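Engineer: Structure: start-v2.cif, mmCIF, C-alpha atoms and all ligand atoms.
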data_model
#
loop_
_atom_site.label_atom_id
_atom_site.label_comp_id
_atom_site.auth_asym_id
_atom_site.auth_seq_id
_atom_site.Cartn_x
_atom_site.Cartn_y
_atom_site.Cartn_z
CA MET A 1 0.00 0.00 0.00
CA ASP A 2 1.56 3.37 -1.01
CA ARG A 3 1.65 6.36 1.32
CA LEU A 4 -1.23 8.17 -0.39
CA SER A 5 -3.68 5.28 -0.28
CA GLY A 6 -2.58 4.59 3.32
CA ARG A 7 -3.54 8.17 4.19
CA ARG A 8 -6.78 7.83 2.30
CA ARG A 9 -7.69 4.70 4.30
CA LEU A 10 -6.81 6.47 7.54
CA PHE A 11 -8.99 9.42 6.53
CA ASP A 12 -11.91 7.09 5.68
CA ILE A 13 -11.66 5.36 9.06
CA LEU A 14 -11.53 8.67 10.90
CA PHE A 15 -14.29 10.25 8.84
CA LYS A 16 -16.69 7.32 9.14
CA GLY A 17 -15.97 6.71 12.83
CA LEU A 18 -16.21 10.33 14.01
CA PRO A 19 -18.73 10.51 16.87
CA VAL A 20 -20.02 13.83 15.43
CA GLY A 21 -21.75 14.53 12.12
CA CYS A 22 -19.40 15.51 9.32
CA PHE A 23 -19.80 16.16 5.59
CA LEU A 24 -17.63 17.39 2.75
CA VAL A 25 -18.74 19.54 -0.19
CA ASN A 26 -17.21 20.50 -3.54
CA GLU A 27 -16.86 24.07 -4.80
CA ARG A 28 -20.52 24.07 -5.91
CA LEU A 29 -21.39 23.23 -2.28
CA GLU A 30 -22.67 19.77 -3.34
CA ILE A 31 -22.17 17.03 -0.80
CA ILE A 32 -19.38 14.57 -1.68
CA ALA A 33 -19.20 12.61 1.59
CA PHE A 34 -21.54 12.22 4.55
CA ASN A 35 -20.52 10.21 7.61
CA LYS A 36 -22.49 7.78 9.81
CA ALA A 37 -23.13 10.28 12.65
CA ALA A 38 -24.44 12.80 10.07
CA GLU A 39 -26.81 10.08 8.81
CA THR A 40 -28.09 9.44 12.35
CA LEU A 41 -28.52 13.14 13.08
CA THR A 42 -30.32 14.06 9.87
CA GLY A 43 -32.09 10.81 9.01
CA TRP A 44 -30.60 10.94 5.45
CA LYS A 45 -28.40 8.16 4.04
CA GLU A 46 -25.17 9.11 2.32
CA GLU A 47 -26.44 7.77 -1.03
CA ASP A 48 -29.54 10.03 -0.77
CA VAL A 49 -27.54 13.22 -0.34
CA VAL A 50 -24.36 12.88 -2.41
CA GLY A 51 -24.53 15.38 -5.31
CA LYS A 52 -27.17 17.54 -3.61
CA PRO A 53 -26.45 21.11 -2.40
CA CYS A 54 -25.88 21.00 1.37
CA SER A 55 -28.44 23.80 1.91
CA GLN A 56 -31.15 21.53 0.42
CA VAL A 57 -30.25 18.71 2.78
CA LEU A 58 -29.75 20.62 6.04
CA ARG A 59 -32.27 23.42 5.47
CA SER A 60 -30.45 25.30 8.21
CA SER A 61 -31.53 28.63 9.62
CA LEU A 62 -28.15 29.96 8.48
CA CYS A 63 -28.31 28.79 4.85
CA GLN A 64 -30.79 31.56 4.01
CA GLN A 65 -28.63 34.31 5.56
CA PHE A 66 -25.07 33.33 4.69
CA CYS A 67 -23.41 30.04 3.94
CA PRO A 68 -20.76 29.26 6.59
CA ILE A 69 -18.66 27.24 4.14
CA ARG A 70 -18.75 29.97 1.51
CA GLU A 71 -17.78 32.46 4.21
CA SER A 72 -14.96 30.21 5.34
CA ALA A 73 -13.77 29.87 1.70
CA HIS A 74 -13.89 33.65 1.30
CA THR A 75 -12.02 34.53 4.50
CA LYS A 76 -9.79 31.40 4.47
CA LYS A 77 -10.59 30.97 8.16
CA SER A 78 -12.16 28.14 10.13
CA TYR A 79 -15.20 28.89 12.23
CA ILE A 80 -15.53 27.02 15.49
CA ALA A 81 -18.60 26.18 17.59
CA ARG A 82 -21.33 28.27 15.97
CA GLU A 83 -24.98 27.53 16.56
CA ALA A 84 -27.78 26.93 14.09
CA VAL A 85 -30.95 24.94 13.64
CA ILE A 86 -31.26 22.36 10.87
CA ARG A 87 -34.22 20.25 9.72
CA ASP A 88 -33.92 16.51 9.60
CA ARG A 89 -35.37 14.30 6.86
CA PHE A 90 -38.75 14.32 8.62
CA GLY A 91 -38.92 18.12 8.95
CA GLN A 92 -38.05 18.05 12.64
CA GLU A 93 -35.90 20.97 13.86
CA VAL A 94 -32.55 19.97 15.39
CA PRO A 95 -30.43 22.61 17.17
CA ILE A 96 -26.78 22.05 16.30
CA CYS A 97 -23.36 23.35 17.22
CA PHE A 98 -21.07 23.30 14.18
CA SER A 99 -17.64 24.21 12.87
CA SER A 100 -16.84 24.90 9.24
CA SER A 101 -13.64 25.03 7.31
CA THR A 102 -12.26 24.84 3.76
CA VAL A 103 -9.28 23.08 2.22
CA PHE A 104 -7.34 24.57 -0.71
CA ASP A 105 -4.98 22.76 -3.06
CA GLU A 106 -1.38 23.81 -3.76
CA GLN A 107 -2.56 26.30 -6.41
CA GLY A 108 -4.88 27.90 -3.86
CA ASP A 109 -8.03 26.52 -5.53
CA PHE A 110 -10.97 25.32 -3.47
CA GLU A 111 -10.63 21.59 -2.82
CA ALA A 112 -13.33 20.82 -0.26
CA GLY A 113 -15.53 22.42 2.37
CA ILE A 114 -15.96 20.60 5.68
CA GLU A 115 -18.67 20.95 8.23
CA VAL A 116 -18.63 19.14 11.58
CA PHE A 117 -21.76 19.31 13.71
CA ARG A 118 -23.37 17.87 16.81
CA ASP A 119 -26.85 17.86 18.30
CA ARG A 120 -27.12 20.42 21.07
CA SER A 121 -30.69 19.67 22.17
CA GLY A 122 -29.15 17.87 25.17
CA ASP A 123 -27.37 21.13 26.14
CA GLU A 124 -30.70 22.97 26.02
CA ARG A 125 -32.40 20.33 28.18
CA LEU A 126 -29.55 20.62 30.72
CA GLN A 127 -29.81 24.40 30.68
CA THR A 128 -33.57 24.28 31.27
CA LEU A 129 -33.00 21.88 34.16
CA ARG A 130 -30.26 24.10 35.60
CA ASN A 131 -32.49 27.20 35.35
CA HIS A 132 -35.34 25.32 36.98
CA ILE A 133 -33.17 24.26 39.93
CA ILE A 134 -31.71 27.76 40.38
CA SER A 135 -35.17 29.28 40.19
CA ILE A 136 -36.61 26.94 42.88
CA PHE A 137 -33.57 27.57 45.07
CA ALA A 138 -33.77 31.38 44.66
CA HIS A 139 -37.52 31.49 45.34
CA ASP A 140 -37.08 29.31 48.45
CA ILE A 141 -34.44 31.63 49.89
CA LYS A 142 -36.21 34.85 48.94
CA THR A 143 -39.01 34.55 51.52
CA PRO A 144 -36.90 33.71 54.62
CA CYS A 145 -34.52 36.47 53.54
CA SER A 146 -37.17 39.16 53.43
CA VAL A 147 -38.76 37.87 56.67
CA THR A 148 -35.43 38.02 58.56
CA GLY A 149 -34.68 41.46 57.05
CA ALA A 150 -38.06 42.80 58.22
CA LEU A 151 -37.57 41.33 61.72
CA ILE A 152 -34.09 42.82 62.09
CA ASN A 153 -35.53 46.20 61.10
CA ARG A 154 -38.23 45.82 63.79
CA ILE A 155 -35.63 44.97 66.45
CA LEU A 156 -33.50 47.95 65.33
CA ALA A 157 -36.57 50.18 65.61
CA GLY A 158 -36.86 49.14 69.27
CA LYS A 159 -40.10 47.15 68.75
CA ALA A 160 -38.70 44.26 70.83
CA GLY A 161 -37.36 46.39 73.64
CA PRO A 162 -34.29 48.56 74.05
CA VAL A 163 -31.24 47.76 71.88
CA THR A 164 -27.71 48.28 73.23
CA GLU A 165 -25.05 49.98 71.09
CA LYS A 166 -23.18 46.68 70.61
CA GLN A 167 -26.37 44.84 69.60
CA ARG A 168 -27.18 47.64 67.11
CA GLU A 169 -23.70 47.33 65.61
CA TYR A 170 -24.09 43.56 65.12
CA LEU A 171 -27.66 43.84 63.82
CA GLU A 172 -26.62 46.39 61.23
CA VAL A 173 -23.92 44.04 59.94
CA ILE A 174 -26.46 41.19 59.77
CA LEU A 175 -28.92 43.44 57.93
CA LYS A 176 -26.25 44.48 55.39
CA GLU A 177 -25.31 40.85 54.70
CA ASN A 178 -29.00 39.99 54.43
CA GLN A 179 -29.49 42.76 51.86
CA GLN A 180 -26.53 41.42 49.84
CA VAL A 181 -28.18 37.98 49.67
CA GLU A 182 -31.51 39.57 48.69
CA LEU A 183 -29.80 41.55 45.92
CA LEU A 184 -28.10 38.41 44.63
CA ILE A 185 -31.42 36.51 44.59
CA ASN A 186 -33.22 39.33 42.80
CA ASN A 187 -30.45 39.58 40.18
CA LEU A 188 -30.57 35.84 39.68
CA LEU A 189 -34.34 35.75 39.28
CA GLU A 190 -34.25 38.66 36.83
CA LEU A 191 -31.53 36.97 34.82
CA LEU A 192 -33.62 33.79 34.56
CA HIS A 193 -36.57 35.92 33.43
CA ILE A 194 -34.55 37.54 30.65
CA GLU A 195 -33.14 34.17 29.52
CA ARG A 196 -36.65 32.75 29.40
CA GLY A 197 -37.70 35.63 27.12
CA ALA A 198 -40.08 37.01 29.75
CA HIS A 199 -38.60 40.54 29.40
CA PRO A 200 -38.58 41.23 25.65
CA PRO A 201 -36.56 44.39 24.86
CA SER A 202 -38.58 47.57 24.86
CA LYS A 203 -36.87 49.69 22.20
CA THR A 204 -37.10 53.46 21.89
CA PRO A 205 -35.08 55.90 19.72
CA VAL A 206 -31.77 56.68 21.44
CA ASP A 207 -29.21 59.36 20.59
CA MET A 208 -25.99 57.41 21.15
CA GLY A 209 -23.80 60.45 21.88
CA GLU A 210 -26.07 61.71 24.64
CA PHE A 211 -26.73 58.17 25.91
CA ILE A 212 -23.07 57.16 26.30
CA LYS A 213 -22.27 60.49 27.95
CA GLU A 214 -24.99 59.84 30.53
CA VAL A 215 -23.88 56.22 31.12
CA VAL A 216 -20.25 57.27 31.60
CA GLN A 217 -21.13 60.21 33.84
CA GLU A 218 -23.01 57.94 36.22
CA MET A 219 -19.93 55.74 36.55
CA MET A 220 -17.55 58.68 37.10
CA PRO A 221 -17.75 58.82 40.93
CA LYS A 222 -16.71 55.18 41.19
CA ALA A 223 -13.89 55.65 38.64
CA GLU A 224 -12.65 58.82 40.32
CA ALA A 225 -12.46 57.02 43.67
CA SER A 226 -9.72 54.86 42.07
CA GLN A 227 -8.28 57.77 40.06
CA ILE A 228 -9.34 56.05 36.86
CA ARG A 229 -10.20 58.13 33.78
CA ILE A 230 -12.98 57.21 31.37
CA VAL A 231 -12.98 58.65 27.84
CA PHE A 232 -15.52 57.99 25.11
CA ASP A 233 -15.70 58.32 21.37
CA ILE A 234 -18.78 58.06 19.13
CA ASP A 235 -18.67 57.31 15.39
CA LYS A 236 -19.55 60.54 13.49
CA ARG A 237 -21.79 58.54 11.15
CA LEU A 238 -24.20 57.94 14.03
CA ASN A 239 -26.15 61.11 13.39
CA ARG A 240 -29.61 59.59 13.81
CA PRO A 241 -31.19 57.91 16.83
CA VAL A 242 -31.02 54.11 16.96
CA MET A 243 -33.64 51.83 18.45
CA LEU A 244 -32.44 50.40 21.79
CA ASP A 245 -33.80 49.18 25.06
CA ARG A 246 -32.29 52.14 26.88
CA VAL A 247 -32.63 50.76 30.42
CA GLN A 248 -31.29 47.31 29.67
CA ILE A 249 -28.41 48.36 27.39
CA LYS A 250 -27.41 50.98 29.94
CA ARG A 251 -27.20 48.19 32.54
CA VAL A 252 -24.97 46.18 30.22
CA ILE A 253 -22.54 49.02 29.51
CA GLN A 254 -22.45 50.01 33.18
CA ASN A 255 -21.71 46.42 34.08
CA LEU A 256 -18.77 46.43 31.67
CA ILE A 257 -17.47 49.78 32.96
CA ASP A 258 -17.94 48.56 36.55
CA ASN A 259 -15.78 45.53 35.75
CA ALA A 260 -13.21 47.70 33.96
CA ILE A 261 -12.92 49.87 37.09
CA LYS A 262 -12.87 46.93 39.53
CA TYR A 263 -10.21 45.01 37.63
CA SER A 264 -7.93 47.95 36.80
CA ARG A 265 -5.07 49.54 38.69
CA THR A 266 -5.25 53.00 40.19
CA GLY A 267 -4.55 55.72 37.65
CA SER A 268 -5.37 53.73 34.50
CA LEU A 269 -7.60 54.60 31.55
CA ILE A 270 -10.89 53.17 30.27
CA LYS A 271 -12.04 53.84 26.70
CA VAL A 272 -15.65 53.47 25.55
CA LYS A 273 -16.10 53.52 21.79
CA VAL A 274 -19.21 53.30 19.65
CA GLN A 275 -18.73 52.41 16.00
CA VAL A 276 -20.88 51.51 13.02
CA GLN A 277 -20.10 48.48 10.88
CA ASP A 278 -22.59 47.77 8.09
CA ASN A 279 -25.90 47.46 9.91
CA TRP A 280 -24.36 46.83 13.27
CA LEU A 281 -23.58 49.01 16.22
CA ILE A 282 -20.32 48.00 17.89
CA ILE A 283 -19.79 49.18 21.46
CA LYS A 284 -16.30 48.61 22.91
CA VAL A 285 -15.20 48.97 26.51
CA GLU A 286 -11.43 48.77 26.77
CA ASP A 287 -9.33 48.78 29.93
CA GLN A 288 -5.68 48.46 30.92
CA GLY A 289 -6.41 46.24 33.89
CA ILE A 290 -5.36 42.83 35.18
CA GLY A 291 -6.72 41.01 32.12
CA ILE A 292 -8.35 37.59 32.03
CA PRO A 293 -6.24 34.41 32.04
CA ARG A 294 -6.53 32.45 28.78
CA ASP A 295 -8.14 29.41 30.43
CA ASP A 296 -10.79 31.53 32.14
CA LEU A 297 -11.76 33.62 29.11
CA PRO A 298 -14.17 31.10 27.50
CA HIS A 299 -16.15 30.83 30.78
CA ILE A 300 -16.61 34.41 31.96
CA PHE A 301 -20.20 34.68 30.67
CA GLU A 302 -21.29 31.64 32.70
CA TYR A 303 -23.32 32.01 35.90
CA PHE A 304 -21.13 32.66 39.00
CA TYR A 305 -17.86 32.26 37.09
CA ARG A 306 -14.97 34.38 38.38
CA ALA A 307 -11.43 34.22 36.99
CA ARG A 308 -8.59 33.16 39.30
CA ASN A 309 -6.82 36.53 39.26
CA SER A 310 -9.94 38.60 40.05
CA ARG A 311 -10.95 36.98 43.33
CA GLN A 312 -8.35 38.76 45.43
CA LYS A 313 -8.67 42.01 43.43
CA ALA A 314 -12.37 42.74 44.01
CA GLU A 315 -15.61 41.26 45.29
CA GLY A 316 -18.32 40.10 42.96
CA THR A 317 -21.04 37.54 42.47
CA GLY A 318 -20.07 36.46 38.95
CA LEU A 319 -23.50 37.33 37.54
CA GLY A 320 -22.80 40.66 35.81
CA LEU A 321 -21.61 39.21 32.51
CA ALA A 322 -24.20 36.43 32.48
CA SER A 323 -26.94 39.06 32.63
CA ALA A 324 -25.11 41.26 30.10
CA ARG A 325 -25.09 38.34 27.67
CA ALA A 326 -28.76 37.51 28.28
CA ILE A 327 -29.78 41.14 27.62
CA VAL A 328 -27.62 41.55 24.50
CA GLU A 329 -28.79 38.25 23.00
CA ALA A 330 -32.43 39.10 23.73
CA SER A 331 -31.82 42.26 21.63
CA GLY A 332 -30.53 40.18 18.71
CA GLY A 333 -26.88 40.98 19.42
CA ARG A 334 -23.70 39.33 20.60
CA ILE A 335 -21.15 40.08 23.29
CA TRP A 336 -17.57 38.82 23.50
CA ALA A 337 -14.20 39.72 24.97
CA LYS A 338 -10.52 39.81 24.07
CA SER A 339 -7.96 39.92 26.81
CA LYS A 340 -4.32 39.48 27.71
CA GLU A 341 -3.47 38.70 31.29
CA GLY A 342 -1.70 41.64 32.89
CA MET A 343 -2.31 43.90 29.85
CA GLY A 344 -6.03 44.63 29.74
CA THR A 345 -9.38 43.57 28.40
CA THR A 346 -11.75 44.77 25.69
CA PHE A 347 -15.41 43.84 25.65
CA PHE A 348 -17.37 44.11 22.40
CA ILE A 349 -21.12 44.36 22.03
CA ARG A 350 -22.67 44.02 18.60
CA LEU A 351 -26.27 45.19 18.23
CA PRO A 352 -28.43 45.38 15.11
CA ILE A 353 -29.04 48.98 14.05
CA GLU A 354 -32.72 49.60 13.69
CA GLU A 355 -33.42 53.19 12.84
CA ASN A 356 -36.54 54.92 14.01
CA SER A 357 -38.48 54.99 10.77
N1 LIG B 1 -12.59 44.07 32.62
C1 LIG B 1 -12.22 42.92 33.21
N2 LIG B 1 -10.90 42.69 33.52
C2 LIG B 1 -10.52 41.53 34.09
N3 LIG B 1 -11.36 40.52 34.41
C3 LIG B 1 -12.66 40.71 34.12
C4 LIG B 1 -13.15 41.89 33.52
N4 LIG B 1 -14.49 41.76 33.35
C5 LIG B 1 -14.81 40.55 33.82
N5 LIG B 1 -13.74 39.91 34.29
C6 LIG B 1 -13.69 38.53 34.85
O1 LIG B 1 -14.93 37.90 34.55
C7 LIG B 1 -15.57 37.50 35.76
C8 LIG B 1 -17.07 37.59 35.59
O2 LIG B 1 -17.47 38.95 35.53
P1 LIG B 1 -18.89 39.37 36.12
O3 LIG B 1 -19.10 40.81 35.85
O4 LIG B 1 -19.89 38.38 35.61
O5 LIG B 1 -18.75 39.06 37.67
P2 LIG B 1 -18.12 39.90 38.85
O6 LIG B 1 -17.63 41.23 38.38
O7 LIG B 1 -17.14 39.01 39.49
O8 LIG B 1 -19.35 40.07 39.83
P3 LIG B 1 -20.70 40.94 39.65
O9 LIG B 1 -21.79 39.93 39.55
O10 LIG B 1 -20.74 41.73 40.89
O11 LIG B 1 -20.58 41.75 38.39
C9 LIG B 1 -15.01 38.42 36.83
O12 LIG B 1 -15.09 37.83 38.11
C10 LIG B 1 -13.56 38.55 36.36
O13 LIG B 1 -12.84 37.39 36.73
MG MG B 2 -19.08 42.47 37.25
#
Give the structure from the file, written as structure tokens.
Structural biologist:
Amino acid sequence: MDRLSGRRRLFDILFKGLPVGCFLVNERLEIIAFNKAAETLTGWKEEDVVGKPCSQVLRSSLCQQFCPIRESAHTKKSYIAREAVIRDRFGQEVPICFSSSTVFDEQGDFEAGIEVFRDRSGDERLQTLRNHIISIFAHDIKTPCSVTGALINRILAGKAGPVTEKQREYLEVILKENQQVELLINNLLELLHIERGAHPPSKTPVDMGEFIKEVVQEMMPKAEASQIRIVFDIDKRLNRPVMLDRVQIKRVIQNLIDNAIKYSRTGSLIKVKVQVQDNWLIIKVEDQGIGIPRDDLPHIFEYFYRARNSRQKAEGTGLGLASARAIVEASGGRIWAKSKEGMGTTFFIRLPIEENS
């Protein structure tokens, strides 16, 4: 067996045995190979689909907007772990997580497009279960928390007899801790509401220049306490109001500025920029702070997640970014971060521009 056919056999074994769906397409985006897991996921047999355009087989939510393989061929980049919904042979919707890539020959011509995908309905079931457990837990703690808070207030008001100075001191500490737990529970319950779609965005026309100025000004006292400067810059092309949920998006940006202040050193600078790219509004919050370690970066939008280096720097519940993500995604946008430990972090929010027509 020569080296080439040996490689070919190895490829066949790998391709067929992959525990995730995988297919290859030619430059006309017609399927040329379809593995076993792809057959199981879609209900189609390889012989049914070879020669057909992949968009006809998968009928994905993305195929109508932009083809990931075509995009990958155009940019010469691989795209990892995107989400979409496909339809199986029986018309059933299947949520998938997929990666796409293209291979070019030595002359730089398109050789094959590859898509690898897996069923993520299990992830959604797990997430629903997780939200359900958190919600029961939060509701169960909420009542005893408000009852104890009310009782401490009664004792402090002298309703149970005279209170000594020492007792007052201790009771005030207990009340403060109690309020912290109440705040955490309320934030958690609100976050679950947004994720469930119970708070659809309420959009009104917003002048971005005036809006960002207001958001930044409200954060100034906290920044000044650490001698941190905040500057902002708005794209000149944004000369008309855009439709935003003012209250919610303000919360998101303030959350990001709050983090930038908390995780920066005294005397550093925070930049807030608003730019326009095609039909998207890009909001950037950039700091020169402690940065996020590489291993922590993919997890920072998860509930309660806090990076190793931040725990000793500042207090937090680890919910700010989870709610920022829920709000941005409910508005049809995306939020992500780039960071270098010790150098700083930039958060990006991408929101669809809807003008007030
Ligand atoms: N600008 C930043 N610089 C460095 N680390 C950051 C930055 N923003 C977020 N992080 C990291 O991401 C984690 C999650 O952020 P998130 O805002 O969700 O929680 P938090 O700030 O810890 O608490 P809170 O719920 O009070 O906002 C932080 O604990 C921190 O480790
Ligand atoms: Mg935070």
Engineer: Once you count all atoms listed in the file, what closest atom pair and distance in Å to one decimal does each residue of stretch 36-73 of chain A within 10 Å of stretch 83-103 of chain A have, with rows by chain and rising residue number, as CSV?
Structural biologist:
residue,atom,partner,partner_atom,distance
A:Glu39,CA,A:Asp88,CA,9.6
A:Thr40,CA,A:Asp88,CA,9.6
A:Leu41,CA,A:Asp88,CA,7.3
A:Thr42,CA,A:Asp88,CA,4.4
A:Gly43,CA,A:Arg89,CA,5.2
A:Trp44,CA,A:Arg89,CA,6.0
A:Lys45,CA,A:Arg89,CA,9.7
A:Ser55,CA,A:Ile86,CA,9.5
A:Gln56,CA,A:Arg87,CA,9.9
A:Val57,CA,A:Arg89,CA,7.9
A:Leu58,CA,A:Ile86,CA,5.4
A:Arg59,CA,A:Ile86,CA,5.6
A:Ser60,CA,A:Ile86,CA,4.0
A:Ser61,CA,A:Val85,CA,5.5
A:Leu62,CA,A:Ala84,CA,6.4
A:Cys63,CA,A:Ile86,CA,9.3
A:Cys67,CA,A:Ser100,CA,9.9
A:Pro68,CA,A:Ser100,CA,6.4
A:Ile69,CA,A:Ser100,CA,5.9
A:Arg70,CA,A:Thr102,CA,8.6
A:Glu71,CA,A:Ser101,CA,9.1
A:Ser72,CA,A:Ser101,CA,5.7
A:Ala73,CA,A:Thr102,CA,5.6
Engineer: Check which residues fall inside 7 Å of ligand MG 2 (chain B) when counting only C-alpha atoms and all ligand atoms, and print them as a ChimeraX atom specification.
Structural biologist: /A:255-256,258-259,316,318-321
Engineer: Between atom P3 of ligand LIG 1 (chain B) and atom CA of A:Thr317, what is the distance in Å, rounded to a tenth?
Structural biologist: 4.4 Å
Engineer: Hey, could you make a per-residue contact list for chain A against ligand LIG 1 (chain B) with 8 Å as the cut-off, showing the nearest pair of atoms and its distance in Å to one decimal, counting all atoms listed in the file, sorted by chain and number, as a Markdown table?
Structural biologist:
| residue | atom | partner | partner_atom | distance |
| --- | --- | --- | --- | --- |
| A:Asn255 | CA | B:LIG1 | O3 | 6.4 |
| A:Leu256 | CA | B:LIG1 | N4 | 6.6 |
| A:Ile257 | CA | B:LIG1 | N1 | 7.5 |
| A:Asp258 | CA | B:LIG1 | O11 | 7.5 |
| A:Asn259 | CA | B:LIG1 | N4 | 4.7 |
| A:Ala260 | CA | B:LIG1 | N1 | 3.9 |
| A:Ile261 | CA | B:LIG1 | N1 | 7.3 |
| A:Lys262 | CA | B:LIG1 | N1 | 7.5 |
| A:Tyr263 | CA | B:LIG1 | N2 | 4.8 |
| A:Ser264 | CA | B:LIG1 | N2 | 6.9 |
| A:Glu286 | CA | B:LIG1 | N1 | 7.6 |
| A:Asp287 | CA | B:LIG1 | N1 | 6.3 |
| A:Gly289 | CA | B:LIG1 | N2 | 5.7 |
| A:Ile290 | CA | B:LIG1 | C2 | 5.4 |
| A:Gly291 | CA | B:LIG1 | C2 | 4.3 |
| A:Ile292 | CA | B:LIG1 | N3 | 4.8 |
| A:Asp296 | CA | B:LIG1 | O13 | 7.7 |
| A:Leu297 | CA | B:LIG1 | O1 | 7.6 |
| A:Ile300 | CA | B:LIG1 | O1 | 4.7 |
| A:Phe301 | CA | B:LIG1 | O4 | 6.2 |
| A:Glu302 | CA | B:LIG1 | O4 | 7.5 |
| A:Tyr303 | CA | B:LIG1 | O4 | 7.2 |
| A:Phe304 | CA | B:LIG1 | O4 | 6.8 |
| A:Tyr305 | CA | B:LIG1 | C8 | 5.6 |
| A:Arg306 | CA | B:LIG1 | O12 | 3.5 |
| A:Ala307 | CA | B:LIG1 | O13 | 3.5 |
| A:Arg308 | CA | B:LIG1 | O13 | 6.5 |
| A:Asn309 | CA | B:LIG1 | O13 | 6.6 |
| A:Ser310 | CA | B:LIG1 | O13 | 4.6 |
| A:Arg311 | CA | B:LIG1 | O12 | 6.7 |
| A:Ala314 | CA | B:LIG1 | O7 | 7.6 |
| A:Glu315 | CA | B:LIG1 | O7 | 6.4 |
| A:Gly316 | CA | B:LIG1 | O8 | 3.3 |
| A:Thr317 | CA | B:LIG1 | O9 | 3.8 |
| A:Gly318 | CA | B:LIG1 | O5 | 3.2 |
| A:Leu319 | CA | B:LIG1 | O9 | 3.7 |
| A:Gly320 | CA | B:LIG1 | O11 | 3.6 |
| A:Leu321 | CA | B:LIG1 | O4 | 3.6 |
| A:Ala322 | CA | B:LIG1 | O4 | 5.7 |
| A:Ser323 | CA | B:LIG1 | O4 | 7.7 |
| A:Ser339 | CA | B:LIG1 | N2 | 7.8 |
| A:Gly344 | CA | B:LIG1 | N2 | 6.5 |
| A:Thr345 | CA | B:LIG1 | N1 | 5.3 |
| A:Thr346 | CA | B:LIG1 | N1 | 7.0 |
| A:Phe347 | CA | B:LIG1 | N1 | 7.5 |
Engineer: What does the distance between atom CA of A:Phe66 and atom CA of A:Leu29 come to in Å, to one decimal place?
Structural biologist: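 Computed distance, atom CA of A:Phe66 to atom CA of A:Leu29, equals 12.8 Å.
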Engineer: What separation in Å, quoted to one decimal, exists between atom CA of A:Glu30 and atom CA of A:Asp48?
Structural biologist: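 Going from atom CA of A:Glu30 over to atom CA of A:Asp48, I get 12.2 Å.
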Engineer: Could you check which residues have any atom within 12 Å of (-35.0, 40.7, 65.8), counting all atoms listed in the file with coordinates taken straight from the file, and then list them as an NGL selection string?
Structural biologist: :A and (147-163 or 167-168 or 170-172 or 174-175)
Engineer: Taking 2 positions as the minimum chain separation for residues in the same chain, which residues sit within 9 Å of stretch 226-243 of chain A when counting all atoms listed in the file? Answer as an MDAnalysis selection string.
Structural biologist: chainID A and resid 203:209 212:213 216 219:220 222:224 245:246 257 261:262 264:276 352:356
Engineer: So which one's closest to A:Val252, A:Tyr79, A:Phe23, A:Trp280, A:Phe348? Using all atoms listed in the file, please.
Structural biologist: A:Phe348
Engineer: Point out the residue among A:Arg251, A:Asn279, A:Asn35, A:Lys77 with the least atom-to-atom distance to A:Phe104, counting all atoms listed in the file.
Structural biologist: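 So, comparing all the options, the nearest one is A:Lys77.
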Engineer: When you count all atoms listed in the file, which of these residues is closest to A:Lys36: A:Arg294, A:Lys52, A:His139, A:Lys16?
Structural biologist: A:Lys16
Engineer: Calculated over only C-alpha atoms, which of the candidates A:Gly17, A:His299, A:Ala326, A:Asp109 has the smallest distance to A:Gly197?
Structural biologist: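 Selected residue with least distance to A:Gly197: A:Ala326.
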Engineer: Would you place a box with edges along x, y and z of the file around all atoms of stretch 126-134 of chain A listed there, add 8 Å to each of its six sides, and report the centre and edge lengths in Å to one decimal, as JSON?
Structural biologist:
{"center_x": -32.4, "center_y": 24.2, "center_z": 35.5, "size_x": 21.8, "size_y": 23.1, "size_z": 25.7}
Engineer: Write out N, CA and C atoms for stretch 90-97 of chain A, as a PDB file, keeping the file's coordinate frame.
Structural biologist:
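And here is the file that came out, out.pdb:
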ATOM      1  N   PHE A  90     -37.319  14.349   8.336  1.00  0.00           N
ATOM      2  CA  PHE A  90     -38.750  14.320   8.620  1.00  0.00           C
ATOM      3  C   PHE A  90     -39.297  15.709   8.970  1.00  0.00           C
ATOM      4  N   GLY A  91     -38.467  16.740   8.728  1.00  0.00           N
ATOM      5  CA  GLY A  91     -38.920  18.120   8.950  1.00  0.00           C
ATOM      6  C   GLY A  91     -38.763  18.585  10.387  1.00  0.00           C
ATOM      7  N   GLN A  92     -38.227  17.696  11.238  1.00  0.00           N
ATOM      8  CA  GLN A  92     -38.050  18.050  12.640  1.00  0.00           C
ATOM      9  C   GLN A  92     -36.864  19.003  12.806  1.00  0.00           C
ATOM     10  N   GLU A  93     -37.029  20.043  13.631  1.00  0.00           N
ATOM     11  CA  GLU A  93     -35.900  20.970  13.860  1.00  0.00           C
ATOM     12  C   GLU A  93     -34.892  20.369  14.833  1.00  0.00           C
ATOM     13  N   VAL A  94     -33.604  20.485  14.501  1.00  0.00           N
ATOM     14  CA  VAL A  94     -32.550  19.970  15.390  1.00  0.00           C
ATOM     15  C   VAL A  94     -31.551  21.104  15.657  1.00  0.00           C
ATOM     16  N   PRO A  95     -31.440  21.577  16.905  1.00  0.00           N
ATOM     17  CA  PRO A  95     -30.430  22.610  17.170  1.00  0.00           C
ATOM     18  C   PRO A  95     -29.043  21.986  17.129  1.00  0.00           C
ATOM     19  N   ILE A  96     -28.138  22.620  16.394  1.00  0.00           N
ATOM     20  CA  ILE A  96     -26.780  22.050  16.300  1.00  0.00           C
ATOM     21  C   ILE A  96     -25.716  23.071  16.684  1.00  0.00           C
ATOM     22  N   CYS A  97     -24.549  22.531  17.045  1.00  0.00           N
ATOM     23  CA  CYS A  97     -23.360  23.350  17.220  1.00  0.00           C
ATOM     24  C   CYS A  97     -22.427  22.858  16.098  1.00  0.00           C
TER      25      CYS A  97
END
